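Remarks on the structure that follows.
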Amino acid sequence: MAIRTGQEYLAGIRDDREVWLDGERVDDVTTHPKLARMAQTVAAIYDLQHDPDLRDQMTFTSPTSGEPVSLSYMVPHSQEDLARRKHALEIIAGSVNGMLGRTPDYVNICVVAARQMAHLYGRNDSRFGDNMVAYHEYVRENDLCLTHTFGHPQVNRSVAISELPDPYIAVGIVDTTDEGVIVRGAKLLATLAPFSDEIFAPVYRPLREDAPEDEPYCIGFSIPVNTPGLKFICRQAYDDGKSLYDYPLSGRYDEMDCLAIFDDVLIPWDRVFSFRDVALSNEAVQKVTLWRQYAQQVAVKNVAKLELILGMVRRITEGIGISRFDQVREKISEIIDILATNNAFLRAAEADAEPVDGGLGEGIWLASEPLIAMRHWYPDAYQRVTQIIQQLCAGGLMLTPSEADVKGPLSADIEKFYQGADLAAKDRIQLFRLAWDLIGTEFGSRQTLYERYFNGDIVQLRQRRFASYNYSRAEAALASFFDKLQADD
Ligand SMILES: Cc1cc2nc3c(=O)[nH]c(=O)nc-3n(C[C@H](O)[C@H](O)[C@H](O)COP(=O)(O)OP(=O)(O)OC[C@H]3O[C@@H](n4cnc5c(N)ncnc54)[C@H](O)[C@@H]3O)c2cc1C
C-alpha cells in the first residue's frame, strides 16, 4: 500500500474498535464530537507525505516493495540517515508546533528500534525474532499508526505484579492454543489509542528471574486495536467542540490517553515477540533501548514547541509593554537557553551515534549519554518554561474573554480595555488564550504531566543511573587529585 493519504488513514480507523468515553461506547472515532478534530489532525499528518514538495523529504524507498514508505520506518545506518530522518520529524513536529507527543512517527521509531535488535528476541527461539522483523515490514508497508503500552495499573506499586489482589490486573497469559496466546489484564497508558491501527506492547519492564509466578507476565506482542476482547477507556476529553479562538490547542491536539483492557484477547503466534523467557526479556529490557531511537522525535518535538512558546512569550511581552524590563528579558533568555540546551543534547546524540551490542544489532543508535541527561533534565526545564509564562503573563491569563464576548454587545468595551501597547484587543486576547491553553487548561496541565512522565519515572530512572553509571573516571580524578596533593606536600 505504501504511504497512505489522510482519507485512507481515517477509513482505516473507522471500524468496530471498542473505545469508551464518558461511560458510552464510541460509535466512530472519526465523527465523535470530542474526538473528530484530533482524528482530522492525524489525517493531516498523513497528507503531508503526499504534498509534492514534501514527499521525497518524508519517505524512502522500501527495500521490499520498492514503493515510497515513511522515513520514520527507516533503519538508520549512518549519520546521513539520521539527518534525513530528523528532517522528516521536523516537518511533522513543525506542522503541529510540537503539541503532539505522539505523532505516528514516535511509535514507528520504537518498532524500528525493536527490529534493530530482533536477533535478541529470537536468540532462544528464532520465531520471535522473525516475528519482529516481519511486523516492522508489515507496519511499514501498510503505513500504520500505532499506540504503545508498557506499564501496569497503578494499584499497588510496593508489590510485584504477581502479588496484586487479582492475578490478572497486569496483563498475563491465561492459556495457549494452536492459534496463539490468550491474555487478560490491563496496560497503561495508551496515548493516541482511539486514533491508532495497532497497539504495540513489548515487555519493557523487568520481571523477577527467581520468581516462577512472574513468568506468566512475560508476554510481548502487538495486535490491531480492533481485536475482539480489547477495549480502551479514555480519560476525560479536553476537546469539547468549542471555538478554536478560545481553545486553539485543546481543540486540535487532544491526543487522548487510555487504559487498555485485554479481556481474554487472542494474540496470534506471529504477533508474539517474547514468551515466558524472563531472563531473555530482562536482557531485552536492558538492551533494546527504544528511547535511543525515539528520543530524536522527542527532541525535535521539543524544539518545535519551544519555538512556538518563545515566539508567543516575546509577542506577549511586547504587546503589553513589559519587554524593556531586565527581569523580563532575563526570563525570555532562560527559554532560549533551554531551547539551545535541548538542541545541544540532540546534536551530541546524533554526532556520537554508534552500532550496539557488539555490532549484532542492525544499524546505528543515537548516543545514550546525552539522551539520558536530556531525559532527566527536560521535565524540570519544561516546568520552568511554564512558570515563566505564568510569571510574565500574570493576571492577563485570567482576563481572557471568549470569542463570543469579543464579537458580542460589549465589543466596544473589550476593544478599549483589552487592547495592548501595540495590539488590538482581539489579537491580545487570542495570544493570552493560547498561553492559557498551553499551561492553564486541562490540556495545558496534561502537557506538563506528559513532559514529566511520558518517558518513564525520572525518580526511578535516576536511581538506575546511579546504580549503573561507570564511575571509573570520577574515581581516577579523585585519586590523582590526592596523589598530586601528596606529591606537593
Ligand atoms: C500524559 C501521559 C502520557 C503517557 N503515554 C504513555 C504511552 O503512550 N505509553 C506508555 O506505555 N506509557 C505512557 N505514559 C505512562 C508513563 O510511562 C508513566 O506515567 C510513567 O512510567 C510513570 O508511571 P506511573 O504513572 O504508573 O506512576 P507510578 O509508577 O505509579 O509512580 C507514582 C509515584 O510513585 C513513585 N514511585 C513509584 N514506584 C517507585 C519506586 N519503586 N521507587 C521510588 N518511587 C516510586 C514515583 O516516583 C511517582 O512519584 C504516559 C504518561 C502520561 C502522564
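Naming works like this for the C-alpha cells: A, B, ... for the chains as they're shown, residue 1 at the start of each chain, ligands 1 onward in shown order.
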(request) Could you give me, as an MDAnalysis selection string, every polymer residue with an atom at most 9 Å away from an atom of ligand 1, counting only C-alpha atoms and all ligand atoms? (result) chainID A and resid 101:102 107 147:158 187:193 201 204 256:258 446:460 463
(request) Name all residues at most 7 Å from range 86-99 of chain A (count only C-alpha atoms; drop same-chain ones fewer than 2 positions away) and give them as a PyMOL selection string. (result) chain A and resi 45+57-58+71+82-84+101+253+296-297+300-302+304-305+308
(message) Give me the residues near range 219-227 of chain A as a ChimeraX atom specification, where near means some atom within 10 Å (using only C-alpha atoms) and where sequence neighbours in that chain fewer than 5 positions away do not count.
(response) /A:13-19,121,128,131-132,135,146-150,171-173,181,183,193-204,232,260,262,265-278,281
(message) Taking 5 positions as the minimum chain separation for residues in the same chain, which residues sit within 12 Å of Ile389 in chain A when counting only C-alpha atoms? Answer as a PyMOL selection string.
(response) chain A and resi 306+309-317+328+331-332+334-335+382-384+394-397+431-432+434-440+444
(request) Please run DSSP on the backbone and report, as number ranges by chain, all residues within range 233-454 of chain A that come out as alpha helix (DSSP H). (result) A: 278-287, 291-319, 326-351, 368-393, 403-407, 411-417, 425-439, 442-453
(message) Can you measure CA of Met117 in chain A to CA of Pro379 in chain A for me? One decimal in Å is fine.
(response)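 We find that CA of Met117 in chain A and CA of Pro379 in chain A lie 28.6 Å from each other.
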